[in-house]
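Take a look at the structure set out below.
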Amino acid sequence: MKIDRRNDLNLRLLEVFEAVMRCGTTISAAEDLGVSQPAVSNAVKSLEKQLGLTLFERVSRVLRPTEDAHLLLTEVEPLFALLRNIEHDIRDLRATKAGRLRIATTPPLGHAALPTILRDFIADRPGVTVRYDVRRLDTVLQSVEAGMVDVGFVLGLTALNGYEIIPLYRGEMVCVMPADHPLGRLDVVTPQDLATCSFIGLETNLGPIVRAAFDQAGASFRQKIVVRYCHTACVLANAGLGVSVVDPFTAAFSHGMNIIFRPFEPAVPITASAVIRKDGELSKVSAAFIEEARAQLSR
């Protein structure tokens, strides 16, 4: 069935009508719309003809709204208020000040650096909604692959098939110990220094990285306690249960604990990265947050 649209309302004509009612004169309406005054007058006449209504009485070259005009205005005002809101939302989208941001992160970043970065990011972006999930590494990767999140944040990954790894920060892991531990007298801690200590090892992907440093130094690697997360290692060190080698983010945000940190050699490089799907399309908000994270982590 063919629809006859010859009598459909013209949104542009309604826009001109609303401007005349709001501004009071065709001259002011023309200035507001950025068109000529004759164009406004012609648009008003066209709308009256299309509607079959007299919207304005012309008295001494002055337009006076009729009752029909006031009734029509009550109908179109909500429409243009909605359009203005849509225009505002579109501007926010272009400026990355609106949208949805879904993040999955491993605990070292999720419980340390990222919360303050996120706070600063959304401070002037009230239109951005956030889903923030702290998970183990394999779950973060699965969430990225399945499209359940826009971006993942991880430590210790530099390449992985099917993913794009975006390096954000490169640092070195540090040795953590109780504040009164004898090793606290050293400026730098080595694997040999840890040979007789109760060592708290990591079972995540960071564990093999630390073990490689022991192998490089020719030192024996014996774990008294094994934990999943660096924060747990810090908690146990705080309880006097041993020493560990943890990422610098966890170290920097371990406030209120009776622990100290020392450089560890041979150096154990650690990379903080954003992870996205290789074939995925990154939203403007997600891309902007990744850049914000890169800027703050590199300070």
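A note on labels: chains of the structure tokens are A, B, ... as shown, every chain counts residues from 1, and ligands are counted from 1 in their shown order.
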
Per residue of stretch 65-121 of chain A within 7 Å of stretch 241-259 of chain A, what are the shortest atom pair and its distance in Å to one decimal, counting only C-alpha atoms, with rows by chain and residue number, as a Markdown table?
```
| residue | atom | partner | partner_atom | distance |
| --- | --- | --- | --- | --- |
| A:Pro108 | CA | A:Thr250 | CA | 5.5 |
| A:Leu109 | CA | A:Phe249 | CA | 6.7 |
| A:Ala112 | CA | A:Phe253 | CA | 5.5 |
| A:Ala113 | CA | A:Phe249 | CA | 6.5 |
```

Original post:
Among stretch 15-191 of chain A, which ones does DSSP place in helix (DSSP H, G or I), written as a ChimeraX atom specification?
Top reply: /A:15-23,26-33,37-51,67-94,107-123,137-145,182-185,191

**OP:** Do a neighbour search on A:Ala233 at 7 Å with only C-alpha atoms, toss out local chain neighbours closer than 4 positions, and write the hits as a list in words.
**Re:**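 With the cut-off at 7 Å, the set is Ile200, Val227, Tyr229, Ala237 and Ser244 of chain A.
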
Nearby residues (only C-alpha atoms) at most 12 Å from A:Ser220, same-chain spacing under 5 positions excluded, as a PDB file with C-alpha atoms, in the first residue's frame:
```pdb
ATOM      1  CA  THR A 190      68.047 -10.287  45.469  1.00  0.00           C
ATOM      2  CA  PRO A 191      66.873 -13.909  45.125  1.00  0.00           C
ATOM      3  CA  GLN A 192      69.871 -15.001  47.220  1.00  0.00           C
ATOM      4  CA  ASP A 193      68.650 -12.745  50.053  1.00  0.00           C
ATOM      5  CA  LEU A 194      65.322 -14.584  50.000  1.00  0.00           C
ATOM      6  CA  ALA A 195      66.819 -18.095  50.117  1.00  0.00           C
ATOM      7  CA  THR A 196      66.208 -18.544  53.849  1.00  0.00           C
ATOM      8  CA  CYS A 197      63.000 -16.501  54.072  1.00  0.00           C
ATOM      9  CA  PHE A 199      58.514 -16.777  50.619  1.00  0.00           C
ATOM     10  CA  ARG A 211      60.534 -17.593  39.278  1.00  0.00           C
ATOM     11  CA  ALA A 212      62.459 -16.780  36.091  1.00  0.00           C
ATOM     12  CA  ALA A 213      64.337 -14.091  38.033  1.00  0.00           C
ATOM     13  CA  PHE A 214      65.420 -16.700  40.603  1.00  0.00           C
ATOM     14  CA  ASP A 215      66.568 -18.996  37.804  1.00  0.00           C
TER      15      ASP A 215
END
```

Subject >> Shell of 7 Å around A:Thr129, only C-alpha atoms, local chain residues under 4 positions omitted, as a list of chain:residue names >> reply: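 That gives A:Gly99, A:Arg100, A:Leu101.
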
Can you write just those residues out, N, CA and C atoms, as an mmCIF file, in the first residue's frame?
```
data_model
loop_
_atom_site.group_PDB
_atom_site.id
_atom_site.type_symbol
_atom_site.label_atom_id
_atom_site.label_comp_id
_atom_site.auth_asym_id
_atom_site.auth_seq_id
_atom_site.Cartn_x
_atom_site.Cartn_y
_atom_site.Cartn_z
ATOM 1 N N GLY A 99 27.736 7.927 27.031
ATOM 2 C CA GLY A 99 27.921 6.589 26.489
ATOM 3 C C GLY A 99 28.054 5.567 27.597
ATOM 4 N N ARG A 100 28.398 4.358 27.193
ATOM 5 C CA ARG A 100 28.515 3.239 28.128
ATOM 6 C C ARG A 100 29.946 2.738 28.109
ATOM 7 N N LEU A 101 30.476 2.496 29.304
ATOM 8 C CA LEU A 101 31.843 1.994 29.438
ATOM 9 C C LEU A 101 31.807 0.728 30.282
#
```

**OP:** Extract, using only C-alpha atoms, all DNA, RNA and protein residues at most 12 Å from stretch 23-34 of chain A, discarding same-chain residues fewer than 3 positions from it, and format them as a list in words.
**Re:** Arg12, Leu13, Glu15, Val16, Phe17, Glu18, Ala19, Val20, Gln37, Pro38, Ala39, Val40, Ser41, Asn42, Ala43, Val44, Lys45, Phe56, Arg58, Arg61, Val62, Leu63, Arg64 and Pro65 of chain A

**OP:** Within 12 Å of A:Ser286, counting only C-alpha atoms, which residues show up once you throw out same-chain ones fewer than 6 positions away? Write them as a ChimeraX atom specification, please.
**Re:** /A:93,96-103,118,121-122,128-131,149-153,274-276,280,292-293

**OP:** Go through A:Ala287, A:Gly184, A:Ile86, A:Asp279 one by one, measure the shortest atom-to-atom distance of each to A:Val144 using only C-alpha atoms, and give the residue with the smallest value.
**Re:**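 With only C-alpha atoms as the atom set, the closest residue is A:Asp279.
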
Original post:
For A:Ile90, which residue out of A:Ala219, A:Ile260, A:Gly127, A:Ile225 is the nearest one, using only C-alpha atoms?
Top reply: A:Gly127

**OP:** Return the single residue from A:Leu11, A:Ala123, A:Leu55, A:Asp138 that is closest to A:Phe80, with distances computed using only C-alpha atoms.
**Re:** A:Leu11

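Closest approach to A:Arg299 among A:Thr158, A:Gly171, A:Asp124, A:Tyr163: A:Gly171, based on only C-alpha atoms.
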